[in-house]
file coords-v1.pdb (PDB, C-alpha atoms, pLDDT in the B column)
ATOM      1  CA  MET A   1      -6.906  -8.409 -16.005  1.00 62.00           C
ATOM      2  CA  GLU A   2      -3.411  -9.575 -16.854  1.00 62.00           C
ATOM      3  CA  LYS A   3      -2.575  -6.223 -18.466  1.00 72.00           C
ATOM      4  CA  PHE A   4      -3.895  -4.425 -15.387  1.00 66.00           C
ATOM      5  CA  PHE A   5      -1.487  -6.170 -13.017  1.00 63.00           C
ATOM      6  CA  LYS A   6       1.470  -5.641 -15.337  1.00 69.00           C
ATOM      7  CA  ASN A   7       1.030  -1.873 -15.091  1.00 71.00           C
ATOM      8  CA  ALA A   8       2.250  -1.076 -11.592  1.00 69.00           C
ATOM      9  CA  LEU A   9       1.053   2.519 -11.676  1.00 72.00           C
ATOM     10  CA  LYS A  10      -2.553   1.506 -12.395  1.00 77.00           C
ATOM     11  CA  VAL A  11      -2.490  -1.046  -9.581  1.00 73.00           C
ATOM     12  CA  SER A  12      -1.133   1.529  -7.147  1.00 73.00           C
ATOM     13  CA  ILE A  13      -3.751   4.091  -8.117  1.00 79.00           C
ATOM     14  CA  ALA A  14      -6.563   1.550  -7.834  1.00 80.00           C
ATOM     15  CA  SER A  15      -5.279   0.475  -4.442  1.00 77.00           C
ATOM     16  CA  LEU A  16      -5.070   4.077  -3.252  1.00 79.00           C
ATOM     17  CA  VAL A  17      -8.603   4.837  -4.430  1.00 85.00           C
ATOM     18  CA  THR A  18      -9.898   1.694  -2.715  1.00 82.00           C
ATOM     19  CA  SER A  19      -8.204   2.688   0.522  1.00 82.00           C
ATOM     20  CA  ILE A  20      -9.620   6.207   0.429  1.00 87.00           C
ATOM     21  CA  ILE A  21     -13.150   4.967  -0.275  1.00 87.00           C
ATOM     22  CA  LEU A  22     -13.032   2.449   2.577  1.00 83.00           C
ATOM     23  CA  TYR A  23     -11.614   4.960   5.054  1.00 84.00           C
ATOM     24  CA  VAL A  24     -14.289   7.494   4.109  1.00 87.00           C
ATOM     25  CA  ALA A  25     -16.990   4.824   4.483  1.00 82.00           C
ATOM     26  CA  ILE A  26     -15.772   3.810   7.930  1.00 80.00           C
ATOM     27  CA  ILE A  27     -15.390   7.353   9.209  1.00 82.00           C
ATOM     28  CA  GLY A  28     -18.609   8.539   7.579  1.00 81.00           C
ATOM     29  CA  LEU A  29     -20.737   5.759   9.018  1.00 76.00           C
ATOM     30  CA  PHE A  30     -19.139   6.198  12.417  1.00 76.00           C
ATOM     31  CA  LEU A  31     -19.692   9.964  12.505  1.00 78.00           C
ATOM     32  CA  LEU A  32     -23.224   9.770  11.168  1.00 75.00           C
ATOM     33  CA  SER A  33     -24.136   6.893  13.497  1.00 70.00           C
ATOM     34  CA  VAL A  34     -26.351   5.488  10.771  1.00 67.00           C
ATOM     35  CA  VAL A  35     -25.678   1.887  11.627  1.00 67.00           C
ATOM     36  CA  THR A  36     -25.919  -0.134  14.803  1.00 76.00           C
ATOM     37  CA  ALA A  37     -22.883  -1.396  16.677  1.00 77.00           C
ATOM     38  CA  SER A  38     -23.152  -4.916  15.256  1.00 80.00           C
ATOM     39  CA  VAL A  39     -23.301  -3.680  11.661  1.00 78.00           C
ATOM     40  CA  PHE A  40     -20.390  -1.328  12.321  1.00 77.00           C
ATOM     41  CA  GLY A  41     -18.424  -4.253  13.800  1.00 82.00           C
ATOM     42  CA  ILE A  42     -19.063  -6.345  10.694  1.00 84.00           C
ATOM     43  CA  LEU A  43     -18.026  -3.411   8.512  1.00 80.00           C
ATOM     44  CA  ILE A  44     -14.762  -3.114  10.433  1.00 82.00           C
ATOM     45  CA  LYS A  45     -14.116  -6.873  10.177  1.00 87.00           C
ATOM     46  CA  VAL A  46     -14.546  -6.726   6.403  1.00 86.00           C
ATOM     47  CA  THR A  47     -12.756  -3.491   5.596  1.00 84.00           C
ATOM     48  CA  VAL A  48      -9.678  -3.780   7.818  1.00 86.00           C
ATOM     49  CA  PRO A  49      -8.261  -6.841   5.974  1.00 88.00           C
ATOM     50  CA  ILE A  50      -8.989  -5.166   2.639  1.00 84.00           C
ATOM     51  CA  LEU A  51      -7.203  -2.021   3.785  1.00 84.00           C
ATOM     52  CA  ALA A  52      -4.247  -4.067   5.021  1.00 85.00           C
ATOM     53  CA  LEU A  53      -3.961  -5.889   1.684  1.00 84.00           C
ATOM     54  CA  ALA A  54      -4.319  -2.648  -0.265  1.00 79.00           C
ATOM     55  CA  THR A  55      -1.538  -1.055   1.774  1.00 80.00           C
ATOM     56  CA  ILE A  56       0.738  -4.032   1.215  1.00 82.00           C
ATOM     57  CA  LEU A  57       0.018  -3.972  -2.529  1.00 76.00           C
ATOM     58  CA  GLU A  58       0.787  -0.272  -2.705  1.00 75.00           C
ATOM     59  CA  PHE A  59       4.078  -0.859  -0.935  1.00 78.00           C
ATOM     60  CA  ILE A  60       5.113  -3.768  -3.163  1.00 78.00           C
ATOM     61  CA  TYR A  61       4.105  -2.090  -6.408  1.00 74.00           C
ATOM     62  CA  SER A  62       5.926   1.092  -5.442  1.00 73.00           C
ATOM     63  CA  PHE A  63       9.160  -0.872  -5.808  1.00 76.00           C
ATOM     64  CA  PHE A  64       8.159  -1.911  -9.326  1.00 70.00           C
ATOM     65  CA  ILE A  65       7.418   1.699 -10.235  1.00 67.00           C
ATOM     66  CA  ILE A  66      10.764   2.873  -8.834  1.00 65.00           C
ATOM     67  CA  ASN A  67      12.617   0.064 -10.639  1.00 66.00           C
ATOM     68  CA  ARG A  68      10.857   0.881 -13.894  1.00 62.00           C
ATOM     69  CA  ARG A  69      11.883   4.539 -13.609  1.00 59.00           C
ATOM     70  CA  ASN A  70      15.478   3.587 -12.800  1.00 61.00           C
ATOM     71  CA  THR A  71      15.771   1.201 -15.734  1.00 63.00           C
ATOM     72  CA  SER A  72      14.279   3.713 -18.171  1.00 60.00           C
ATOM     73  CA  LYS A  73      16.925   6.303 -17.245  1.00 57.00           C
ATOM     74  CA  LYS A  74      19.807   4.010 -18.193  1.00 54.00           C
TER      75      LYS A  74
END

call {"tool": "encode", "arguments": {"input": "coords-v1.pdb", "output": "structure tokens"}}
result
Amino acid sequence: MEKFFKNALKVSIASLVTSIILYVAIIGLFLLSVVTASVFGILIKVTVPILALATILEFIYSFFIINRRNTSKK
């Protein structure tokens, strides 16, 4: 796990994949109307904080990726 977090590119890709999967799940369940309103509400309450954290992680780790590229050019 420690090696995973040290590699900023892997963290960014994992965060992006997580975001895409959660967005597809939300939109898919909403369009298909498979679940009731209460289940959909619970799904939103769980996924929105995860999506917010994933977005913040992507933003923070993008700086590490940019810094790593800049330092390797010198």

call {"tool": "closest_residue", "arguments": {"input": "coords-v1.pdb", "among": "A:Tyr61, A:Ile56, A:Asn7, A:Phe40", "to": "A:Ala25", "atoms": "only C-alpha atoms"}}
result
A:Phe40

call {"tool": "residues_around", "arguments": {"input": "coords-v1.pdb", "residues": "A:Ile50", "least_positions_apart": "5", "cutoff": "12 Å", "atoms": "only C-alpha atoms", "output": "mmCIF file with C-alpha atoms, in the frame of the given file"}}
result
data_model
loop_
_atom_site.group_PDB
_atom_site.id
_atom_site.type_symbol
_atom_site.label_atom_id
_atom_site.label_comp_id
_atom_site.auth_asym_id
_atom_site.auth_seq_id
_atom_site.Cartn_x
_atom_site.Cartn_y
_atom_site.Cartn_z
ATOM 1 C CA SER A 15 -5.279 0.475 -4.442
ATOM 2 C CA LEU A 16 -5.070 4.077 -3.252
ATOM 3 C CA THR A 18 -9.898 1.694 -2.715
ATOM 4 C CA SER A 19 -8.204 2.688 0.522
ATOM 5 C CA ILE A 20 -9.620 6.207 0.429
ATOM 6 C CA ILE A 21 -13.150 4.967 -0.275
ATOM 7 C CA LEU A 22 -13.032 2.449 2.577
ATOM 8 C CA TYR A 23 -11.614 4.960 5.054
ATOM 9 C CA LEU A 43 -18.026 -3.411 8.512
ATOM 10 C CA ILE A 44 -14.762 -3.114 10.433
ATOM 11 C CA LYS A 45 -14.116 -6.873 10.177
ATOM 12 C CA THR A 55 -1.538 -1.055 1.774
ATOM 13 C CA ILE A 56 0.738 -4.032 1.215
ATOM 14 C CA LEU A 57 0.018 -3.972 -2.529
#

call {"tool": "atom_distance", "arguments": {"input": "coords-v1.pdb", "atom1": "atom CA of A:Val17", "atom2": "atom CA of A:Pro49"}}
result
15.6 Å

call {"tool": "atom_distance", "arguments": {"input": "coords-v1.pdb", "atom1": "atom CA of A:Leu32", "atom2": "atom CA of A:Leu51"}}
result
21.2 Å

call {"tool": "axis_aligned_box", "arguments": {"input": "coords-v1.pdb", "around": "stretch 42-61 of chain A", "padding_each_side": "6 Å", "output": "lines of an AutoDock Vina configuration file"}}
result
center_x = -7.0
center_y = -3.6
center_z = 2.1
size_x = 36.2
size_y = 18.6
size_z = 29.1
